[in-house]
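Below: the structure, in structure tokens.
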Amino acid sequence: MTPILQVGSQIITKTNIIPLLKQYGILPQLVQEIVVESAVSNITLSQEEVAQIYKQFYQQQQLNSDADLEAWLQARGIDRKQLDYQVTRNVKLESFKKATWGDKLQSYFVQRKAKLDRVVYSLIRVKDICIAQELYFRIQEGEQSFSELAREYSDGPEAQTGGILGPVELGVPHPVLAKMLSSVQPGQLLPPTPLGDWIVILRLEKFLPAQLDEATKQRLLNELYENWLQTQLKECMQNIKDDFPDIQDEHKGIKSLDSASRVVNADANNLS
């Protein structure tokens with residue numbers, strides 16, 4: 001088999017390159033970059049955009065002349081064409097995202113809004129239902145404040161803040177808590193409710209509806225891109241696995257270079 005690369009005494013061939021990429025854990029990253037390159041291949045930038053990108057690149061790398069650039073390229077073993085891809089990649093990728101999903105943001109926002117709305121709420125959690133009921137009645141009758149009782153009785157970290165949690169997106173608390181918080185008005189005190197090993201007392205303090213501002217647009221755009229990217233990676237890795245049966249499902253758990261923020265639900269023992 002004709003070698004395609006030799007590193008020291010090790011000869012790399014077409015037969016063993018995929019197993020080696022797998023062994024060193026870089027096969028998924030390689031596949032991802034190929035997917036990205038294919039996606040941005042038809043994106044064109046204006047001369048002004050390219051000039052601005054290179055201006056920033058020269059400043060970041062402290063390159064002041066063509067000689068400096070040539071030395072920089074030689075030290076990294078790349079040519080001008082490869083450099084052009086690297087420095088324009090992210091700008092082209094953002095253009096690809098907007099061209100592909102920009103007109104879908106409004107409907108996606110409506111779909112996601114219920115988990116993007118934010119709340120500030122007060123929480124007390126205890127193990128004993130009798131204690132929970134007693135605390136609830138004290139708060140309801142105004143005998144003691146929610147904050148005082150949370151500091152004294154709550155068994156979670158919220159005791160340090162007088163029971164106050166947030167602002168936090170509704171996709172973050174336990175799903176049962178999120179459902180309770182989304183169904184009440186600010187200031188409303190909810191009676192003791194079993195949740196896993198806990199009995200919780202809850203009060204919504206503030207409701208902060210999500211807005212489709214520029215930051216949210218970018219976040220949703222990144223989410224749509226990430227969903228697409230993971231699908232592409234899964235398909236590509238499956239094709240490689242079909243050709244190389246010893247390749248496992250390595251697309252699982254890949255963290256993209258452009259990963260977006262993830263919405264995570266806590267379990268019953270991590271209510272906040």
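Identifiers in this document derive from the order of the structure tokens: chains are assigned A, B, ..., residues are numbered from 1 separately in each chain, and ligands are numbered from 1 in order of occurrence.
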
Enumerate the residues of range 39-211 of chain A with a DSSP assignment of helix (DSSP H, G or I), computed from the backbone, and present them as a PyMOL selection string.
chain A and resi 39-40+47-61+66-76+80-116+129-141+146-153+157-161+175-181

Give me the residues near range 134-147 of chain A as a PyMOL selection string, where near means some atom within 12 Å (using only C-alpha atoms) and where sequence neighbours in that chain fewer than 6 positions away do not count.
chain A and resi 121-126+128+153-154+158-165+187-193+199-205

Please provide as a JSON list (two decimals) with C-alpha atoms, in the first residue's frame all residues within 8 Å of range 216-220 of chain A, with the sequence filter that same-chain residues fewer than 2 positions apart are discarded (counting only C-alpha atoms).
[["chain", "number", "residue", "atom", "x", "y", "z"],
["A", 105, "LEU", "CA", -36.30, 32.44, 13.76],
["A", 108, "TYR", "CA", -38.66, 28.84, 16.32],
["A", 109, "PHE", "CA", -38.82, 31.56, 18.95],
["A", 211, "GLN", "CA", -37.89, 38.96, 23.82],
["A", 212, "LEU", "CA", -36.70, 38.24, 20.30],
["A", 213, "ASP", "CA", -33.81, 40.68, 20.55],
["A", 214, "GLU", "CA", -30.49, 40.39, 18.75],
["A", 222, "ASN", "CA", -26.86, 28.80, 16.83],
["A", 223, "GLU", "CA", -29.30, 26.22, 18.19],
["A", 224, "LEU", "CA", -30.77, 25.56, 14.74],
["A", 260, "ALA", "CA", -24.57, 27.10, 21.55],
["A", 261, "SER", "CA", -25.84, 27.38, 25.03]]

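Coordinates place CA of Phe57 in chain A at a distance of 22.7 Å from CA of Ala39 in chain A.
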
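One distance worth recording is that between CA of Ile53 in chain A and CA of Gly77 in chain A, which is 21.1 Å.
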
If you count only C-alpha atoms, the residue of A:Ala71, A:Ala114, A:Cys130, A:Ile26 closest to Pro175 in chain A turns out to be A:Ala114

What separation in Å, quoted to one decimal, exists between CA of Ser182 in chain A and CA of Arg151 in chain A?
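Interatomic distance, CA of Ser182 in chain A to CA of Arg151 in chain A: 24.9 Å.
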
Pick out each residue of range 12-241 of chain A that DSSP on the backbone tags as strand (DSSP E or B); I need them as a VMD selection string.
chain A and resid 12 to 13 118 to 126 164 to 169 189 to 195 198 to 208

Please write the residues from the selection above to a file, keeping C-alpha atoms, as a JSON list (two decimals), in the first residue's frame.
[["chain", "number", "residue", "atom", "x", "y", "z"],
["A", 12, "ILE", "CA", 0.48, 6.18, 7.36],
["A", 13, "THR", "CA", -1.50, 4.56, 4.53],
["A", 118, "ARG", "CA", -37.30, 33.92, 32.92],
["A", 119, "VAL", "CA", -38.52, 33.91, 36.48],
["A", 120, "VAL", "CA", -37.39, 35.00, 39.92],
["A", 121, "TYR", "CA", -38.89, 32.78, 42.58],
["A", 122, "SER", "CA", -38.63, 31.84, 46.24],
["A", 123, "LEU", "CA", -38.18, 28.23, 47.31],
["A", 124, "ILE", "CA", -38.18, 26.32, 50.58],
["A", 125, "ARG", "CA", -37.54, 22.58, 50.54],
["A", 126, "VAL", "CA", -37.75, 20.25, 53.50],
["A", 164, "ILE", "CA", -34.58, 33.61, 46.30],
["A", 165, "LEU", "CA", -33.53, 32.01, 43.01],
["A", 166, "GLY", "CA", -33.11, 33.62, 39.59],
["A", 167, "PRO", "CA", -33.58, 35.24, 37.24],
["A", 168, "VAL", "CA", -33.49, 31.85, 35.56],
["A", 169, "GLU", "CA", -35.02, 30.55, 32.34],
["A", 189, "LEU", "CA", -47.73, 31.42, 47.21],
["A", 190, "LEU", "CA", -48.11, 27.76, 46.33],
["A", 191, "PRO", "CA", -48.90, 25.18, 49.04],
["A", 192, "PRO", "CA", -46.47, 22.38, 49.98],
["A", 193, "THR", "CA", -45.95, 20.05, 47.02],
["A", 194, "PRO", "CA", -44.14, 16.68, 46.99],
["A", 195, "LEU", "CA", -41.26, 16.60, 44.52],
["A", 198, "TRP", "CA", -38.57, 16.87, 48.96],
["A", 199, "ILE", "CA", -41.60, 18.85, 50.00],
["A", 200, "VAL", "CA", -41.37, 22.29, 48.36],
["A", 201, "ILE", "CA", -43.04, 25.62, 49.04],
["A", 202, "LEU", "CA", -42.90, 27.99, 46.10],
["A", 203, "ARG", "CA", -43.65, 31.62, 45.39],
["A", 204, "LEU", "CA", -43.26, 33.38, 42.06],
["A", 205, "GLU", "CA", -41.62, 36.78, 42.57],
["A", 206, "LYS", "CA", -41.16, 38.07, 39.01],
["A", 207, "PHE", "CA", -41.99, 36.87, 35.50],
["A", 208, "LEU", "CA", -39.69, 38.17, 32.76]]

Show me, as a tab-separated table, the residues of range 98-205 of chain A having an atom within 12 Å of range 90-94 of chain A, each with the closest atom pair and its distance in Å, using only C-alpha atoms.
residue	atom	partner	partner_atom	distance
A:Lys98	CA	A:Glu94	CA	6.3
A:Ala99	CA	A:Glu94	CA	8.6
A:Thr100	CA	A:Glu94	CA	9.9
A:Trp101	CA	A:Glu94	CA	10.6
A:Gly102	CA	A:Glu94	CA	10.4
